[in-house]
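**Q** mmCIF, C-alpha atoms, file protein33.cif:
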```cif
data_model
#
loop_
_atom_site.label_atom_id
_atom_site.label_comp_id
_atom_site.auth_asym_id
_atom_site.auth_seq_id
_atom_site.Cartn_x
_atom_site.Cartn_y
_atom_site.Cartn_z
CA MET A 1 78.08 -53.20 38.85
CA ASN A 2 74.73 -51.45 38.64
CA LYS A 3 72.93 -48.64 40.37
CA ARG A 4 69.59 -50.48 40.22
CA ILE A 5 70.44 -52.77 43.09
CA PHE A 6 67.05 -54.41 43.12
CA ALA A 7 64.04 -54.23 40.91
CA ASN A 8 61.55 -53.57 43.67
CA LEU A 9 63.10 -50.27 44.70
CA LYS A 10 60.30 -48.49 42.91
CA PHE A 11 57.12 -46.64 43.63
CA LEU A 12 53.59 -47.95 43.62
CA ASN A 13 51.37 -46.15 41.17
CA PHE A 14 47.67 -46.18 41.90
CA VAL A 15 45.28 -46.70 39.01
CA ILE A 16 41.55 -46.28 39.39
CA ILE A 17 39.64 -49.38 38.29
CA ALA A 18 36.30 -48.06 37.16
CA ILE A 19 34.22 -51.24 37.17
CA ALA A 20 32.71 -50.40 40.54
CA TYR A 21 31.15 -47.29 39.05
CA LEU A 22 29.32 -49.12 36.27
CA THR A 23 25.77 -49.00 37.59
CA LEU A 24 22.42 -48.86 35.88
CA SER A 25 21.99 -45.28 37.01
CA CYS A 26 24.86 -44.06 34.82
CA SER A 27 24.01 -41.90 31.86
CA ASN A 28 25.12 -43.04 28.44
CA ASN A 29 27.94 -40.46 28.56
CA ASP A 30 29.08 -41.72 31.96
CA GLN A 31 28.94 -45.32 30.79
CA GLU A 32 31.00 -44.50 27.71
CA LYS A 33 33.72 -42.59 29.54
CA LEU A 34 34.05 -45.35 32.14
CA ASN A 35 34.30 -47.98 29.42
CA ILE A 36 37.05 -45.93 27.79
CA LEU A 37 38.85 -45.61 31.14
CA ILE A 38 38.79 -49.38 31.53
CA LYS A 39 40.23 -49.85 28.04
CA GLY A 40 43.00 -47.41 28.95
CA ASN A 41 43.75 -49.38 32.10
CA GLU A 42 43.90 -52.60 30.09
CA ALA A 43 46.31 -51.02 27.59
CA MET A 44 48.48 -49.81 30.46
CA ALA A 45 48.49 -53.27 32.06
CA ALA A 46 49.76 -54.60 28.72
CA GLY A 47 52.56 -52.03 28.70
CA ASP A 48 51.15 -50.01 25.80
CA TYR A 49 51.37 -46.60 27.43
CA ASP A 50 50.83 -44.56 24.28
CA GLU A 51 47.57 -46.37 23.59
CA ALA A 52 46.54 -45.96 27.22
CA ILE A 53 47.16 -42.21 27.03
CA ASP A 54 45.00 -42.03 23.89
CA TYR A 55 42.14 -43.75 25.71
CA PHE A 56 42.41 -41.47 28.74
CA ASP A 57 42.46 -38.45 26.44
CA ARG A 58 39.26 -39.70 24.78
CA ALA A 59 37.63 -40.05 28.20
CA LEU A 60 38.61 -36.47 29.01
CA GLN A 61 37.10 -35.24 25.76
CA LEU A 62 33.80 -36.64 27.04
CA ASP A 63 34.31 -35.16 30.51
CA PRO A 64 37.05 -32.53 30.99
CA ASP A 65 36.54 -32.80 34.78
CA PHE A 66 37.17 -36.55 34.94
CA ALA A 67 39.76 -36.66 37.73
CA ASP A 68 40.29 -40.43 37.49
CA ALA A 69 41.29 -40.12 33.85
CA TYR A 70 43.86 -37.45 34.73
CA ASN A 71 45.28 -39.65 37.48
CA ASN A 72 45.52 -42.69 35.24
CA MET A 73 47.03 -40.67 32.43
CA GLY A 74 49.62 -39.47 34.92
CA VAL A 75 50.47 -43.08 35.76
CA ALA A 76 50.83 -43.91 32.06
CA PHE A 77 53.20 -40.99 31.52
CA PHE A 78 55.16 -41.95 34.64
CA GLU A 79 55.54 -45.55 33.50
CA ASN A 80 56.58 -44.22 30.09
CA ASP A 81 59.48 -42.33 31.74
CA GLU A 82 57.83 -38.91 31.39
CA PRO A 83 57.56 -37.73 35.03
CA GLY A 84 57.04 -34.08 34.04
CA MET A 85 53.92 -34.92 32.06
CA ALA A 86 52.82 -37.25 34.84
CA LEU A 87 53.09 -34.40 37.34
CA GLU A 88 50.94 -32.13 35.20
CA ASN A 89 48.16 -34.71 35.09
CA TYR A 90 48.33 -35.52 38.80
CA ASN A 91 48.05 -31.79 39.53
CA ARG A 92 44.92 -31.58 37.39
CA ALA A 93 43.38 -34.56 39.16
CA ILE A 94 44.09 -33.09 42.59
CA ARG A 95 42.72 -29.68 41.62
CA LEU A 96 39.46 -31.40 40.74
CA LYS A 97 39.49 -33.62 43.87
CA PRO A 98 41.66 -32.09 46.64
CA ASP A 99 41.31 -35.23 48.82
CA TYR A 100 42.27 -37.59 46.00
CA TYR A 101 44.83 -39.53 48.03
CA GLU A 102 45.76 -42.00 45.28
CA ALA A 103 46.70 -39.10 43.03
CA ILE A 104 48.58 -37.40 45.87
CA MET A 105 50.60 -40.59 46.40
CA ASN A 106 51.29 -40.80 42.69
CA ARG A 107 52.31 -37.15 42.58
CA SER A 108 54.85 -37.80 45.33
CA ASN A 109 56.42 -40.42 43.03
CA ALA A 110 56.70 -37.89 40.21
CA PHE A 111 58.15 -35.25 42.52
CA SER A 112 60.78 -37.73 43.70
CA GLU A 113 61.67 -38.77 40.16
CA LEU A 114 62.12 -35.10 39.28
CA GLY A 115 64.41 -34.55 42.28
CA ARG A 116 61.88 -32.49 44.22
CA VAL A 117 62.35 -34.38 47.46
CA GLU A 118 60.67 -31.95 49.84
CA SER A 119 57.57 -31.76 47.66
CA ALA A 120 57.44 -35.56 47.55
CA LEU A 121 57.73 -35.77 51.33
CA ALA A 122 55.07 -33.06 51.77
CA ASP A 123 52.60 -35.10 49.72
CA LEU A 124 53.35 -38.20 51.75
CA GLU A 125 52.81 -36.24 54.96
CA VAL A 126 49.33 -35.29 53.75
CA ILE A 127 48.56 -38.99 53.31
CA ARG A 128 50.15 -39.92 56.65
CA GLN A 129 47.95 -37.39 58.44
CA ALA A 130 44.87 -38.97 56.88
CA PHE A 131 46.03 -42.60 57.32
CA PRO A 132 48.63 -42.66 60.14
CA ASP A 133 48.71 -46.44 60.49
CA THR A 134 49.20 -47.28 56.81
CA SER A 135 52.47 -49.11 56.13
CA ILE A 136 52.71 -48.06 52.50
CA VAL A 137 53.03 -44.37 53.38
CA HIS A 138 56.10 -44.99 55.53
CA PHE A 139 57.49 -47.39 52.93
CA ALA A 140 57.06 -44.80 50.17
CA ARG A 141 58.76 -42.22 52.40
CA GLY A 142 61.69 -44.61 52.78
CA LEU A 143 61.95 -44.91 48.99
CA VAL A 144 61.96 -41.14 48.53
CA LEU A 145 64.65 -40.69 51.19
CA THR A 146 66.72 -43.52 49.69
CA LYS A 147 66.60 -41.87 46.29
CA ALA A 148 67.72 -38.64 47.96
CA LYS A 149 70.57 -40.57 49.67
CA ASP A 150 69.24 -39.58 53.10
CA TYR A 151 69.94 -43.07 54.29
CA ASN A 152 69.50 -42.79 58.05
CA ARG A 153 66.05 -41.22 57.73
CA ALA A 154 65.19 -43.79 55.07
CA ILE A 155 66.01 -46.66 57.44
CA GLY A 156 63.79 -45.04 60.07
CA ALA A 157 60.90 -44.83 57.60
CA PHE A 158 61.33 -48.45 56.52
CA ASN A 159 61.42 -49.55 60.16
CA MET A 160 58.09 -47.79 60.74
CA ALA A 161 56.65 -49.60 57.71
CA GLY A 162 57.94 -52.90 59.06
CA GLN A 163 56.44 -52.34 62.49
CA ILE A 164 53.01 -51.89 60.91
CA ASP A 165 53.37 -54.72 58.37
CA GLN A 166 55.88 -57.33 59.50
CA SER A 167 55.18 -59.49 56.44
CA ASN A 168 56.51 -56.93 53.94
CA VAL A 169 59.68 -58.61 52.67
CA GLU A 170 60.69 -55.46 50.81
CA VAL A 171 61.40 -53.73 54.13
CA PRO A 172 64.47 -55.84 55.03
CA VAL A 173 65.52 -55.89 51.36
CA ASN A 174 65.56 -52.09 51.26
CA ILE A 175 67.25 -51.73 54.64
CA GLY A 176 69.87 -54.28 53.64
CA THR A 177 70.50 -52.46 50.40
CA ILE A 178 70.96 -49.14 52.18
CA HIS A 179 73.55 -50.78 54.41
CA TYR A 180 75.24 -52.00 51.21
CA TYR A 181 75.31 -48.42 49.90
CA GLN A 182 76.96 -47.40 53.17
CA LYS A 183 79.49 -50.25 52.89
CA ASN A 184 78.14 -51.81 56.12
CA PHE A 185 78.36 -55.27 54.61
CA ASP A 186 77.71 -57.33 57.76
CA SER A 187 74.53 -55.37 58.48
CA ALA A 188 73.49 -55.64 54.84
CA LYS A 189 73.91 -59.42 54.88
CA TYR A 190 71.91 -59.66 58.11
CA PHE A 191 68.86 -57.90 56.68
CA LEU A 192 69.09 -59.59 53.29
CA ASP A 193 69.22 -62.99 54.99
CA ILE A 194 66.06 -62.04 56.91
CA ALA A 195 64.39 -61.19 53.60
CA LEU A 196 65.37 -64.54 52.08
CA LYS A 197 64.02 -66.40 55.10
CA ILE A 198 60.69 -64.64 54.55
CA ASP A 199 60.77 -65.21 50.79
CA PRO A 200 63.53 -67.40 49.27
CA THR A 201 62.55 -66.21 45.79
CA GLN A 202 63.66 -62.62 46.38
CA GLY A 203 65.96 -62.09 43.39
CA SER A 204 66.72 -58.58 44.55
CA ALA A 205 68.26 -59.87 47.78
CA TYR A 206 70.48 -62.32 45.87
CA ASN A 207 71.52 -59.50 43.54
CA THR A 208 72.64 -57.25 46.39
CA LEU A 209 74.45 -60.12 48.07
CA ALA A 210 76.26 -60.68 44.76
CA LEU A 211 77.40 -57.06 44.78
CA ILE A 212 78.72 -57.48 48.30
CA ALA A 213 80.61 -60.62 47.27
CA MET A 214 82.24 -58.67 44.44
CA ASP A 215 83.30 -55.91 46.83
CA GLU A 216 84.78 -58.64 49.03
CA MET A 217 86.72 -60.00 46.02
CA ASN A 218 84.80 -63.28 45.90
CA SER A 219 83.89 -63.56 42.24
CA SER A 220 82.82 -67.20 42.35
CA LEU A 221 80.32 -66.53 45.16
CA ALA A 222 79.12 -63.40 43.36
CA LEU A 223 78.45 -65.43 40.22
CA GLU A 224 76.55 -68.08 42.20
CA LEU A 225 74.38 -65.41 43.85
CA ILE A 226 73.65 -63.41 40.70
CA ASN A 227 72.62 -66.63 38.97
CA LYS A 228 70.12 -67.20 41.78
CA ALA A 229 68.77 -63.70 41.13
CA LEU A 230 68.44 -64.48 37.43
CA ASP A 231 66.69 -67.77 38.24
CA GLN A 232 63.88 -65.59 39.60
CA ALA A 233 63.96 -62.95 36.84
CA PRO A 234 65.85 -64.20 33.75
CA ASP A 235 65.16 -61.05 31.72
CA ASP A 236 65.97 -58.46 34.37
CA PRO A 237 68.37 -56.05 32.59
CA TYR A 238 70.06 -54.96 35.81
CA PHE A 239 70.74 -58.50 36.99
CA LEU A 240 72.08 -59.34 33.51
CA ASN A 241 74.32 -56.28 33.52
CA ASN A 242 75.67 -57.19 36.95
CA ARG A 243 76.45 -60.74 35.83
CA GLY A 244 78.16 -59.28 32.80
CA PHE A 245 80.33 -57.17 35.07
CA ILE A 246 81.20 -60.22 37.19
CA TYR A 247 82.23 -62.10 34.07
CA LEU A 248 84.45 -59.17 33.04
CA GLN A 249 86.20 -59.28 36.41
CA MET A 250 86.73 -63.01 35.89
CA ASP A 251 88.16 -62.30 32.39
CA SER A 252 85.33 -64.25 30.79
CA LEU A 253 84.90 -61.52 28.20
CA ALA A 254 82.63 -63.27 25.71
CA ARG A 255 80.10 -64.19 28.39
CA GLY A 256 80.33 -60.72 29.88
CA GLU A 257 79.73 -59.09 26.52
CA ALA A 258 76.69 -61.28 25.84
CA ASP A 259 75.05 -60.34 29.15
CA ILE A 260 75.83 -56.63 28.84
CA ASN A 261 74.54 -56.49 25.26
CA GLU A 262 71.31 -58.23 26.29
CA SER A 263 70.92 -55.81 29.19
CA ILE A 264 71.23 -52.84 26.83
CA ARG A 265 68.81 -54.43 24.37
CA ILE A 266 66.17 -54.68 27.13
CA ASP A 267 66.93 -51.26 28.64
CA PRO A 268 68.88 -48.95 26.31
CA PHE A 269 69.01 -46.13 28.88
CA ASN A 270 71.09 -47.75 31.62
CA GLY A 271 74.32 -45.82 32.04
CA TRP A 272 75.88 -48.61 34.08
CA ALA A 273 75.60 -51.04 31.19
CA TYR A 274 77.38 -48.60 28.86
CA ARG A 275 80.13 -48.19 31.46
CA ASN A 276 80.51 -51.95 31.64
CA ARG A 277 80.64 -52.26 27.87
CA ALA A 278 83.34 -49.57 27.94
CA ILE A 279 85.34 -51.60 30.49
CA LEU A 280 85.14 -54.49 28.05
CA ARG A 281 86.45 -52.30 25.21
CA LEU A 282 89.31 -51.09 27.43
CA LYS A 283 90.26 -54.72 28.09
CA GLN A 284 90.13 -55.31 24.33
CA GLU A 285 92.29 -52.20 23.74
CA GLN A 286 89.54 -50.57 21.69
CA PHE A 287 90.13 -47.21 23.33
CA GLU A 288 88.19 -44.89 21.03
CA ALA A 289 85.14 -47.14 21.32
CA ALA A 290 85.51 -47.14 25.11
CA LEU A 291 85.66 -43.33 25.12
CA GLY A 292 82.37 -43.04 23.22
CA LEU A 293 80.66 -45.56 25.48
CA LEU A 294 81.77 -43.75 28.63
CA LYS A 295 80.42 -40.47 27.30
CA ARG A 296 77.12 -42.25 26.63
CA ALA A 297 77.16 -43.65 30.18
CA ILE A 298 77.59 -40.15 31.61
CA TYR A 299 74.82 -38.82 29.35
CA GLU A 300 72.47 -41.44 30.79
CA ASP A 301 73.57 -41.10 34.42
CA THR A 302 76.32 -38.93 35.91
CA GLU A 303 76.27 -40.95 39.15
CA VAL A 304 77.57 -44.22 37.70
CA ASP A 305 80.36 -45.49 39.95
CA LEU A 306 83.90 -44.88 38.67
CA VAL A 307 82.66 -43.69 35.29
CA TYR A 308 84.98 -40.67 35.35
CA TYR A 309 87.90 -42.85 36.43
CA TYR A 310 87.38 -45.06 33.39
CA LEU A 311 86.84 -41.97 31.23
CA GLY A 312 90.26 -40.78 32.37
CA GLU A 313 91.72 -44.15 31.48
CA ALA A 314 90.19 -44.00 28.01
CA TYR A 315 91.46 -40.47 27.40
CA PHE A 316 94.91 -41.51 28.64
CA LYS A 317 95.02 -44.50 26.30
CA THR A 318 94.10 -42.29 23.33
CA GLY A 319 96.93 -39.86 24.21
CA ASP A 320 94.74 -37.06 25.60
CA ILE A 321 96.55 -36.44 28.91
CA LEU A 322 94.71 -33.19 29.64
CA GLY A 323 91.33 -34.87 29.13
CA ALA A 324 92.44 -37.76 31.32
CA CYS A 325 93.49 -35.47 34.15
CA GLU A 326 90.25 -33.49 34.02
CA ALA A 327 88.23 -36.71 34.16
CA TRP A 328 90.25 -38.06 37.08
CA LYS A 329 89.74 -34.77 38.97
CA VAL A 330 85.97 -35.12 38.56
CA SER A 331 86.29 -38.72 39.70
CA ILE A 332 88.01 -37.62 42.91
CA SER A 333 85.36 -34.95 43.53
CA LYS A 334 82.79 -37.77 43.51
CA GLY A 335 84.76 -39.72 46.10
CA ASP A 336 86.54 -42.12 43.73
CA LEU A 337 89.91 -42.18 45.49
CA VAL A 338 91.19 -44.73 42.99
CA SER A 339 91.92 -41.78 40.66
CA LYS A 340 94.35 -40.10 43.07
CA ASP A 341 97.30 -42.30 42.14
CA ARG A 342 96.65 -41.63 38.45
CA ILE A 343 96.70 -37.85 39.01
CA ASP A 344 99.84 -38.04 41.18
CA LYS A 345 101.59 -40.06 38.48
CA HIS A 346 100.47 -38.35 35.31
CA CYS A 347 99.01 -34.90 36.02
CA SER A 348 101.71 -32.85 37.73
CA GLY A 349 101.94 -30.53 34.73
CA ALA A 350 98.31 -30.72 33.65
#
```
Please express the file's structure as structure tokens.
**A**
Amino acid sequence: MNKRIFANLKFLNFVIIAIAYLTLSCSNNDQEKLNILIKGNEAMAAGDYDEAIDYFDRALQLDPDFADAYNNMGVAFFENDEPGMALENYNRAIRLKPDYYEAIMNRSNAFSELGRVESALADLEVIRQAFPDTSIVHFARGLVLTKAKDYNRAIGAFNMAGQIDQSNVEVPVNIGTIHYYQKNFDSAKYFLDIALKIDPTQGSAYNTLALIAMDEMNSSLALELINKALDQAPDDPYFLNNRGFIYLQMDSLARGEADINESIRIDPFNGWAYRNRAILRLKQEQFEAALGLLKRAIYEDTEVDLVYYYLGEAYFKTGDILGACEAWKVSISKGDLVSKDRIDKHCSGA
């Protein structure tokens, strides 16, 4: 299926809206830099991150100590999948304004994306000390811990967020999804059902329920649920990829290929979609093509489920027994026990 279980498992990035600062007392230079900041924010809202970065850079040329411009530039880099550059800009903003809590929150996002979990949690602790009763801090902590696969602590953080803000539907969605990760399907369904009672339009909850249905070998229910997710977000590449996978399991290859191709068109960096396209090629006995796609999947994301199992299958089908056995061994090291029978059968001399 797909690692991106739901689209709202993401961080909130805080952008400074400068309109409040536009007063008659501003100097011409101040007025100009704030106008440029607003244009950068508008470009970012339109998804044009390169243009936004250009605007923020122009604002900084007028005022090299403009902390808000550094923060917003960091957000633009982060949204443009450049967390390292985002971190540099958040650091500059915080050096100029040590109590700049929006930038500290944003920096925690960048730290988490870069795998620096303890640094991310340290930033969130700074914010929690300043605002102990703010739900978003605990929610963000839950996201960081989920990304780090520290699931029990993540559930605790989400529960704290939910106690403060009982209307936040993303709390039960996230808790339900963690239970899905842990294969606690009954608990996952319980929390996801709570989320759908709060908000029946939660596509993410339908998506995770579809994954559970697939694990429970109920393809028809999975298809019904993933279609409900796509009713809410027809262009979501992860929902499309998951429906493509469901179609593959139902041997509806043409429909599966159409969804997977569209998913890759929207997001060409999703390793799970390349794995699913490789599964399609294996079914079509296009083994060399499958091998290339699986290597691309691993390049994009080494944590894609069963990717090394399928890599072993592709190597085996192309006659490379040694390559197959090495791939299956990696698969087992990642907990994919499905590869054990393949090793026992084919790798005694490898």
**Q** Dump as a list in words all residues having an atom at most 8 Å from (91.6, -57.7, 31.8), computed in the file's coordinates with all atoms listed in the file.
**A**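 Every residue inside that radius is included here: Leu248, Gln249, Asp251, Lys283 and Gln284 of chain A.
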**Q** Which residues, written as a list in words, have at least one atom at most 8 Å from range 60-66 of chain A, with all atoms listed in the file counted and residues fewer than 4 positions away on the same chain left out?
**A**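 Here the qualifying residues turn out to be Asn29, Lys33, Phe56, Tyr70, Ala93 and Leu96 of chain A.
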**Q** So which residues touch Glu313 in chain A within 9 Å, counting all atoms listed in the file, skipping near sequence neighbours fewer than 3 positions away, as a list in words?
**A**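 In the requested format, the answer is Leu282, Phe287, Leu291, Tyr308, Tyr309, Tyr310, Phe316, Lys317, Thr318, Ala324, Ala327, Trp328 and Arg342 of chain A.
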**Q** When you count only C-alpha atoms, which of these residues is closest to Ile279 in chain A: A:Leu240, A:Val307, A:Ile298, A:Ala45?
**A**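 Using only C-alpha atoms, the shortest distance to Ile279 in chain A belongs to A:Val307.
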**Q** My list of candidates is A:Glu118, A:Tyr315, A:Ala195, A:Leu223. Which is closest to Gln286 in chain A when distances are computed with only C-alpha atoms?
**A**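 Looking only at the distances to Gln286 in chain A, the closest residue turns out to be A:Tyr315.
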**Q** To one decimal place in Å, what is the distance between CA of Asp81 in chain A and CA of Ala130 in chain A?
**A**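 Separation of CA of Asp81 in chain A and CA of Ala130 in chain A: 29.3 Å.
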**Q** Would you kindly identify which residues have an atom no farther than 7 Å from (60.3, -61.8, 54.2), using only C-alpha atoms and the file's own coordinates, and write them out as a compact mmCIF listing (two decimals) with C-alpha atoms, keeping the file's coordinate frame?
**A**
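Dumped everything to selection20.txt:
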```
# COMPACT_ATOMS: atom_id res chain seq x y z
CA SER A 167 55.18 -59.49 56.44
CA ASN A 168 56.51 -56.93 53.94
CA VAL A 169 59.68 -58.61 52.67
CA ILE A 194 66.06 -62.04 56.91
CA ALA A 195 64.39 -61.19 53.60
CA LEU A 196 65.37 -64.54 52.08
CA LYS A 197 64.02 -66.40 55.10
CA ILE A 198 60.69 -64.64 54.55
CA ASP A 199 60.77 -65.21 50.79
```
**Q** Could you state the separation of CA of Ser339 in chain A and CA of Leu211 in chain A in Å, given to one decimal place?
**A** 21.5 Å
**Q** To test your reading of the syntax: which residues would the PyMOL selection byres ((chain A and resi 149) around 12) return for the file shown? Reply as a short mmCIF file (atom, residue, chain, number, x, y, z; two decimals) with C-alpha atoms, in the coordinates of the input.
**A**
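Resulting contents of selection-v9.cif:
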```
data_model
loop_
_atom_site.label_atom_id
_atom_site.label_comp_id
_atom_site.auth_asym_id
_atom_site.auth_seq_id
_atom_site.Cartn_x
_atom_site.Cartn_y
_atom_site.Cartn_z
CA SER A 112 60.78 -37.73 43.70
CA GLY A 115 64.41 -34.55 42.28
CA VAL A 117 62.35 -34.38 47.46
CA GLY A 142 61.69 -44.61 52.78
CA LEU A 143 61.95 -44.91 48.99
CA VAL A 144 61.96 -41.14 48.53
CA LEU A 145 64.65 -40.69 51.19
CA THR A 146 66.72 -43.52 49.69
CA LYS A 147 66.60 -41.87 46.29
CA ALA A 148 67.72 -38.64 47.96
CA ASP A 150 69.24 -39.58 53.10
CA TYR A 151 69.94 -43.07 54.29
CA ASN A 152 69.50 -42.79 58.05
CA ARG A 153 66.05 -41.22 57.73
CA ALA A 154 65.19 -43.79 55.07
CA ILE A 155 66.01 -46.66 57.44
CA THR A 177 70.50 -52.46 50.40
CA ILE A 178 70.96 -49.14 52.18
CA HIS A 179 73.55 -50.78 54.41
CA TYR A 181 75.31 -48.42 49.90
CA GLN A 182 76.96 -47.40 53.17
CA GLU A 303 76.27 -40.95 39.15
#
```
**Q** With a distance cut-off of 10 Å and only C-alpha atoms, select the neighbouring residues of Met160 in chain A, excluding the residue or stretch itself and same-chain residues fewer than 2 positions from it, and output the selection as a CSV table (one decimal) with C-alpha atoms, in the coordinates of the input.
**A**
```csv
chain,number,residue,atom,x,y,z
A,133,ASP,CA,48.7,-46.4,60.5
A,134,THR,CA,49.2,-47.3,56.8
A,135,SER,CA,52.5,-49.1,56.1
A,136,ILE,CA,52.7,-48.1,52.5
A,137,VAL,CA,53.0,-44.4,53.4
A,138,HIS,CA,56.1,-45.0,55.5
A,139,PHE,CA,57.5,-47.4,52.9
A,142,GLY,CA,61.7,-44.6,52.8
A,154,ALA,CA,65.2,-43.8,55.1
A,155,ILE,CA,66.0,-46.7,57.4
A,156,GLY,CA,63.8,-45.0,60.1
A,157,ALA,CA,60.9,-44.8,57.6
A,158,PHE,CA,61.3,-48.4,56.5
A,162,GLY,CA,57.9,-52.9,59.1
A,163,GLN,CA,56.4,-52.3,62.5
A,164,ILE,CA,53.0,-51.9,60.9
A,165,ASP,CA,53.4,-54.7,58.4
A,166,GLN,CA,55.9,-57.3,59.5
A,171,VAL,CA,61.4,-53.7,54.1
```
**Q** Evaluated on this file, the PyMOL selection byres ((chain A and resi 237) around 10) picks out some residues - which ones are they, written as a ChimeraX atom specification?
**A** /A:2,4,7,230,233-236,238-243,259-268,270,273
**Q** Provide the CA of Leu34 in chain A to CA of Glu51 in chain A distance in Å, to one decimal place.
**A**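 Computed distance, CA of Leu34 in chain A to CA of Glu51 in chain A, equals 16.0 Å.
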**Q** Pick from A:Ile36, A:Arg296, A:Ala229, A:Asn207: nearest to Lys189 in chain A, with all atoms listed in the file counted?
**A**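 Among A:Ile36, A:Arg296, A:Ala229, A:Asn207, it is A:Asn207 that comes nearest to Lys189 in chain A.
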**Q** Going by the chain IDs and residue numbers used in this file, which residues fall under the PyMOL selection byres ((chain A and resi 83) around 10)? Write them as a PyMOL selection string.
**A** chain A and resi 74-82+84-89+107+109-114
**Q** Taking N, CA and C atoms as the atom set, what does range 239-252 of chain A look like once completed, written as a PDB file, in the frame of the given file?
**A**
```pdb
ATOM      1  N   PHE A 239      70.078 -57.275  36.577  1.00  0.00           N
ATOM      2  CA  PHE A 239      70.740 -58.500  36.990  1.00  0.00           C
ATOM      3  C   PHE A 239      71.686 -58.979  35.883  1.00  0.00           C
ATOM      4  N   LEU A 240      71.232 -58.922  34.639  1.00  0.00           N
ATOM      5  CA  LEU A 240      72.080 -59.340  33.510  1.00  0.00           C
ATOM      6  C   LEU A 240      73.338 -58.479  33.432  1.00  0.00           C
ATOM      7  N   ASN A 241      73.173 -57.169  33.584  1.00  0.00           N
ATOM      8  CA  ASN A 241      74.320 -56.280  33.520  1.00  0.00           C
ATOM      9  C   ASN A 241      75.312 -56.594  34.638  1.00  0.00           C
ATOM     10  N   ASN A 242      74.785 -56.875  35.841  1.00  0.00           N
ATOM     11  CA  ASN A 242      75.670 -57.190  36.950  1.00  0.00           C
ATOM     12  C   ASN A 242      76.418 -58.507  36.716  1.00  0.00           C
ATOM     13  N   ARG A 243      75.726 -59.502  36.137  1.00  0.00           N
ATOM     14  CA  ARG A 243      76.450 -60.740  35.830  1.00  0.00           C
ATOM     15  C   ARG A 243      77.508 -60.493  34.764  1.00  0.00           C
ATOM     16  N   GLY A 244      77.176 -59.636  33.804  1.00  0.00           N
ATOM     17  CA  GLY A 244      78.160 -59.280  32.800  1.00  0.00           C
ATOM     18  C   GLY A 244      79.408 -58.678  33.415  1.00  0.00           C
ATOM     19  N   PHE A 245      79.197 -57.794  34.392  1.00  0.00           N
ATOM     20  CA  PHE A 245      80.330 -57.170  35.070  1.00  0.00           C
ATOM     21  C   PHE A 245      81.150 -58.226  35.815  1.00  0.00           C
ATOM     22  N   ILE A 246      80.476 -59.146  36.482  1.00  0.00           N
ATOM     23  CA  ILE A 246      81.200 -60.220  37.190  1.00  0.00           C
ATOM     24  C   ILE A 246      82.040 -61.022  36.216  1.00  0.00           C
ATOM     25  N   TYR A 247      81.465 -61.352  35.069  1.00  0.00           N
ATOM     26  CA  TYR A 247      82.230 -62.100  34.070  1.00  0.00           C
ATOM     27  C   TYR A 247      83.459 -61.297  33.614  1.00  0.00           C
ATOM     28  N   LEU A 248      83.295 -59.983  33.442  1.00  0.00           N
ATOM     29  CA  LEU A 248      84.450 -59.170  33.040  1.00  0.00           C
ATOM     30  C   LEU A 248      85.556 -59.254  34.079  1.00  0.00           C
ATOM     31  N   GLN A 249      85.188 -59.213  35.352  1.00  0.00           N
ATOM     32  CA  GLN A 249      86.200 -59.280  36.410  1.00  0.00           C
ATOM     33  C   GLN A 249      86.864 -60.652  36.467  1.00  0.00           C
ATOM     34  N   MET A 250      86.165 -61.659  35.938  1.00  0.00           N
ATOM     35  CA  MET A 250      86.730 -63.010  35.890  1.00  0.00           C
ATOM     36  C   MET A 250      87.436 -63.275  34.556  1.00  0.00           C
ATOM     37  N   ASP A 251      87.550 -62.216  33.717  1.00  0.00           N
ATOM     38  CA  ASP A 251      88.160 -62.300  32.390  1.00  0.00           C
ATOM     39  C   ASP A 251      87.439 -63.288  31.476  1.00  0.00           C
ATOM     40  N   SER A 252      86.159 -63.476  31.707  1.00  0.00           N
ATOM     41  CA  SER A 252      85.330 -64.250  30.790  1.00  0.00           C
ATOM     42  C   SER A 252      84.600 -63.247  29.894  1.00  0.00           C
TER      43      SER A 252
END
```
